[in-house]
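Asker: One file is attached below, protein.cif, containing mmCIF, C-alpha atoms.
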```cif
data_target
#
loop_
_atom_site.label_atom_id
_atom_site.label_comp_id
_atom_site.auth_asym_id
_atom_site.auth_seq_id
_atom_site.Cartn_x
_atom_site.Cartn_y
_atom_site.Cartn_z
CA MET A 1 -15.01 -20.66 10.51
CA SER A 2 -18.13 -22.27 9.07
CA ASP A 3 -20.13 -19.06 8.65
CA ALA A 4 -17.30 -17.01 7.14
CA LEU A 5 -18.52 -14.61 4.48
CA HIS A 6 -17.12 -14.83 0.94
CA LEU A 7 -18.80 -12.70 -1.72
CA MET A 8 -17.79 -11.81 -5.26
CA ALA A 9 -19.25 -9.04 -7.40
CA ALA A 10 -19.28 -8.76 -11.19
CA ASN A 11 -22.20 -6.29 -11.52
CA GLN A 12 -23.78 -3.33 -9.71
CA GLU A 13 -26.32 -5.45 -7.85
CA ASP A 14 -23.60 -7.73 -6.47
CA ALA A 15 -21.50 -4.68 -5.53
CA SER A 16 -24.42 -3.20 -3.56
CA VAL A 17 -24.57 -6.38 -1.45
CA ILE A 18 -20.84 -6.10 -0.71
CA SER A 19 -21.34 -2.42 0.15
CA ALA A 20 -23.99 -3.37 2.71
CA MET A 21 -21.71 -6.00 4.26
CA VAL A 22 -18.76 -3.59 4.69
CA GLN A 23 -20.75 -0.61 5.95
CA ASP A 24 -19.15 0.69 9.14
CA ALA A 25 -15.92 -1.25 8.62
CA ALA A 26 -12.96 0.25 10.48
CA ILE A 27 -9.95 0.55 8.16
CA ARG A 28 -6.44 1.63 9.10
CA VAL A 29 -4.84 3.69 6.31
CA GLY A 30 -1.77 1.44 6.54
CA ASP A 31 -3.97 -1.53 5.58
CA LEU A 32 -4.77 -0.11 2.13
CA ALA A 33 -2.59 -1.23 -0.79
CA TYR A 34 -2.29 -1.10 -4.55
CA ILE A 35 -0.48 -4.10 -6.06
CA GLU A 36 0.63 -2.62 -9.37
CA GLU A 37 1.86 -5.81 -11.06
CA GLU A 38 -1.56 -7.42 -10.41
CA ARG A 39 -3.55 -4.22 -11.10
CA ARG A 40 -5.32 -4.92 -7.81
CA PHE A 41 -6.42 -2.71 -4.92
CA ALA A 42 -6.63 -4.44 -1.55
CA ALA A 43 -7.82 -3.48 1.91
CA VAL A 44 -7.93 -5.37 5.19
CA PHE A 45 -10.30 -4.12 7.88
CA ASN A 46 -12.51 -4.91 10.85
CA ARG A 47 -15.96 -5.55 9.42
CA PHE A 48 -19.15 -5.24 11.49
CA ARG A 49 -21.14 -8.45 10.93
CA TRP A 50 -24.50 -7.01 9.85
CA GLU A 51 -25.66 -10.44 8.72
CA THR A 52 -25.88 -11.61 12.35
CA GLN A 53 -28.87 -9.36 13.01
CA SER A 54 -32.50 -10.36 12.82
CA LYS A 55 -35.15 -8.24 11.12
CA ARG A 56 -36.18 -6.88 14.52
CA GLY A 57 -32.73 -5.42 15.08
CA LEU A 58 -31.73 -8.05 17.63
CA PHE A 59 -28.57 -10.05 17.30
CA ARG A 60 -29.07 -13.75 16.61
CA ARG A 61 -26.02 -14.63 18.67
CA GLY A 62 -27.00 -12.17 21.40
CA GLN A 63 -23.97 -9.96 20.72
CA ALA A 64 -22.68 -7.57 18.08
CA GLU A 65 -19.59 -8.92 16.31
CA ARG A 66 -16.71 -7.77 14.15
CA VAL A 67 -14.41 -9.89 12.03
CA ARG A 68 -11.17 -9.26 10.15
CA ALA A 69 -11.98 -9.19 6.43
CA GLY A 70 -10.31 -8.43 3.13
CA LEU A 71 -11.59 -6.64 0.03
CA SER A 72 -9.91 -7.01 -3.34
CA ILE A 73 -10.74 -4.95 -6.43
CA GLY A 74 -9.25 -6.23 -9.67
CA ASP A 75 -8.56 -4.90 -13.18
CA VAL A 76 -7.62 -1.45 -11.82
CA ARG A 77 -6.73 1.31 -14.29
CA GLN A 78 -6.28 4.26 -11.94
CA ILE A 79 -6.73 5.23 -8.29
CA ARG A 80 -7.46 8.72 -6.95
CA LEU A 81 -7.60 9.76 -3.30
CA LYS A 82 -9.72 12.50 -1.77
CA SER A 83 -8.91 13.91 1.69
CA LEU A 84 -6.72 10.90 2.47
CA ASP A 85 -3.04 11.03 3.45
CA LEU A 86 -1.32 7.66 2.96
CA LYS A 87 1.51 8.80 5.26
CA GLN A 88 -0.95 8.78 8.18
CA ARG A 89 -0.74 4.98 8.35
CA ASP A 90 -2.35 4.67 11.80
CA GLU A 91 -5.37 6.85 10.99
CA VAL A 92 -8.57 4.80 11.19
CA LEU A 93 -11.33 5.41 8.65
CA ALA A 94 -14.98 4.39 8.89
CA LEU A 95 -16.24 2.99 5.58
CA LEU A 96 -19.75 4.24 4.80
CA ALA A 97 -20.38 2.71 1.37
CA ILE A 98 -19.00 1.37 -1.89
CA THR A 99 -20.57 2.89 -4.99
CA VAL A 100 -20.26 1.75 -8.59
CA GLU A 101 -20.97 3.76 -11.71
CA PRO A 102 -20.11 3.24 -15.39
CA LEU A 103 -17.27 5.30 -16.87
CA SER A 104 -18.96 5.41 -20.26
CA GLU A 105 -22.51 5.89 -21.50
CA ASP A 106 -21.88 2.98 -23.89
CA GLU A 107 -23.68 -0.01 -22.35
CA GLU A 108 -21.24 -2.37 -24.07
CA ASP A 109 -18.25 -0.80 -22.24
CA PRO A 110 -17.82 -2.49 -18.83
CA ALA A 111 -15.36 0.16 -17.55
CA THR A 112 -16.47 1.39 -14.15
CA ARG A 113 -15.65 3.73 -11.28
CA ILE A 114 -15.75 2.11 -7.85
CA GLN A 115 -15.71 4.52 -4.93
CA LEU A 116 -15.00 3.74 -1.30
CA ILE A 117 -16.66 6.52 0.68
CA PHE A 118 -15.52 7.17 4.25
CA SER A 119 -16.87 9.34 7.03
CA GLY A 120 -15.32 12.79 7.23
CA GLY A 121 -15.31 13.27 3.45
CA ALA A 122 -12.43 10.95 2.54
CA ALA A 123 -12.84 8.74 -0.54
CA ILE A 124 -10.95 6.45 -2.89
CA ALA A 125 -12.03 6.45 -6.55
CA ILE A 126 -10.91 3.38 -8.48
CA ASP A 127 -11.32 3.26 -12.24
CA ALA A 128 -11.38 -0.34 -13.44
CA ASP A 129 -11.88 -2.28 -16.67
CA CYS A 130 -14.94 -3.95 -15.11
CA ILE A 131 -16.58 -4.74 -11.77
CA ASN A 132 -14.37 -7.32 -10.08
CA LEU A 133 -14.75 -7.30 -6.28
CA ASP A 134 -13.97 -10.05 -3.79
CA LEU A 135 -14.85 -9.82 -0.08
CA ARG A 136 -13.93 -12.51 2.40
CA ASP A 137 -13.72 -12.94 6.14
CA LEU A 138 -10.20 -13.79 7.28
CA GLY A 139 -10.65 -15.11 10.78
CA GLU A 140 -12.94 -15.68 13.72
CA PRO A 141 -15.37 -12.98 14.86
CA TRP A 142 -15.06 -11.26 18.23
CA PRO A 143 -17.54 -9.25 20.32
CA ALA A 144 -17.92 -5.67 19.08
CA LYS A 145 -17.64 -2.88 21.63
CA ALA A 146 -20.72 -1.17 20.17
CA ARG A 147 -23.27 -1.44 17.39
CA PRO A 148 -22.93 1.29 14.74
CA ARG A 149 -25.79 3.78 14.91
CA HIS A 150 -27.08 5.88 12.03
CA ALA A 151 -29.54 8.74 11.95
CA LEU A 152 -32.80 7.96 10.19
CA HIS A 153 -33.43 10.02 7.04
#
```
Write the structure described by the file as structure tokens, please.
Answerer:
Amino acid sequence: MSDALHLMAANQEDASVISAMVQDAAIRVGDLAYIEEERRFAAVFNRFRWETQSKRGLFRRGQAERVRAGLSIGDVRQIRLKSLDLKQRDEVLALLAITVEPLSEDEEDPATRIQLIFSGGAAIAIDADCINLDLRDLGEPWPAKARPRHALH
């Protein structure tokens, strides 16, 4: 796939771009994993391809698309879940945003908290040694059934 997305983040600005690209991703709880020996959190999901839209809100390809994508977060120290039951493997979550905030007020300390915030109040808080995110498309896009809609604030 020539226009496959592959983004890496090592700072808050980069992470905000990844957050925008995964907004409205549909994630099955069973597709979330922590790989302890690698200290890596991983998720595979159906990502809405926001980058295929023009500034006027029209789709360049004439159709909304989704694509299978993977997110990897490295250098993980600890993971905490909020309102999320890992036994409900088939439950589908809608990812609203990824936020990043420092764990320390010391600007020299790169330790950070990365949060995946889902609709319905669910969240995953990941404490990490530093910001180390990798997002990549894993296959070919397909037509989306609908375009995500959000209320204007």
Asker: Suppose a student applies the PyMOL selection byres ((chain A and resi 138) around 8) to this structure; what residues should they get, written as number ranges by chain?
Answerer: A: 4, 67-70, 136-137, 139-140
Asker: Taking into account only C-alpha atoms, which residue in the set A:Glu91, A:Asp75, A:Asp31, A:Glu65 is nearest to Asp129 (chain A)?
Answerer: A:Asp75
Asker: Using all atoms listed in the file, pick whichever of A:Ala33, A:Ile73, A:Ile124, A:Ala146 has the shortest atom-to-atom distance to Ala9 (chain A).
Answerer: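 Under the stated criterion, the closest residue is A:Ile73.
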Asker: What separation in Å, quoted to one decimal, exists between CA of Gln23 (chain A) and CA of Ile79 (chain A)?
Answerer: 20.8 Å
Asker: Between A:Arg77, A:Arg66, A:Arg39, A:Arg47, which has the minimum distance to Leu93 (chain A) (counting all atoms listed in the file)?
Answerer: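 Residue with the minimum atom-to-atom distance to Leu93 (chain A): A:Arg47.
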Asker: Any idea what's packed within 12 Å of Ala94 (chain A), counting only C-alpha atoms, ignoring anything in its chain fewer than 2 positions away? Could you give it as a PyMOL selection string?
Answerer: chain A and resi 22-29+45-48+91-92+96-98+116-123+148
Asker: Restricting the calculation to all atoms listed in the file: of A:Arg49, A:Pro141, A:Thr112, A:Glu38, which residue gets closest to Ala15 (chain A)?
Answerer: A:Thr112
Asker: Tell me, as a ChimeraX atom specification, which residues lie within 10 Å of Thr99 (chain A), counting all atoms listed in the file; anything in the same chain fewer than 4 positions away does not count.
Answerer: /A:12,15-16,18-19,113-117,125
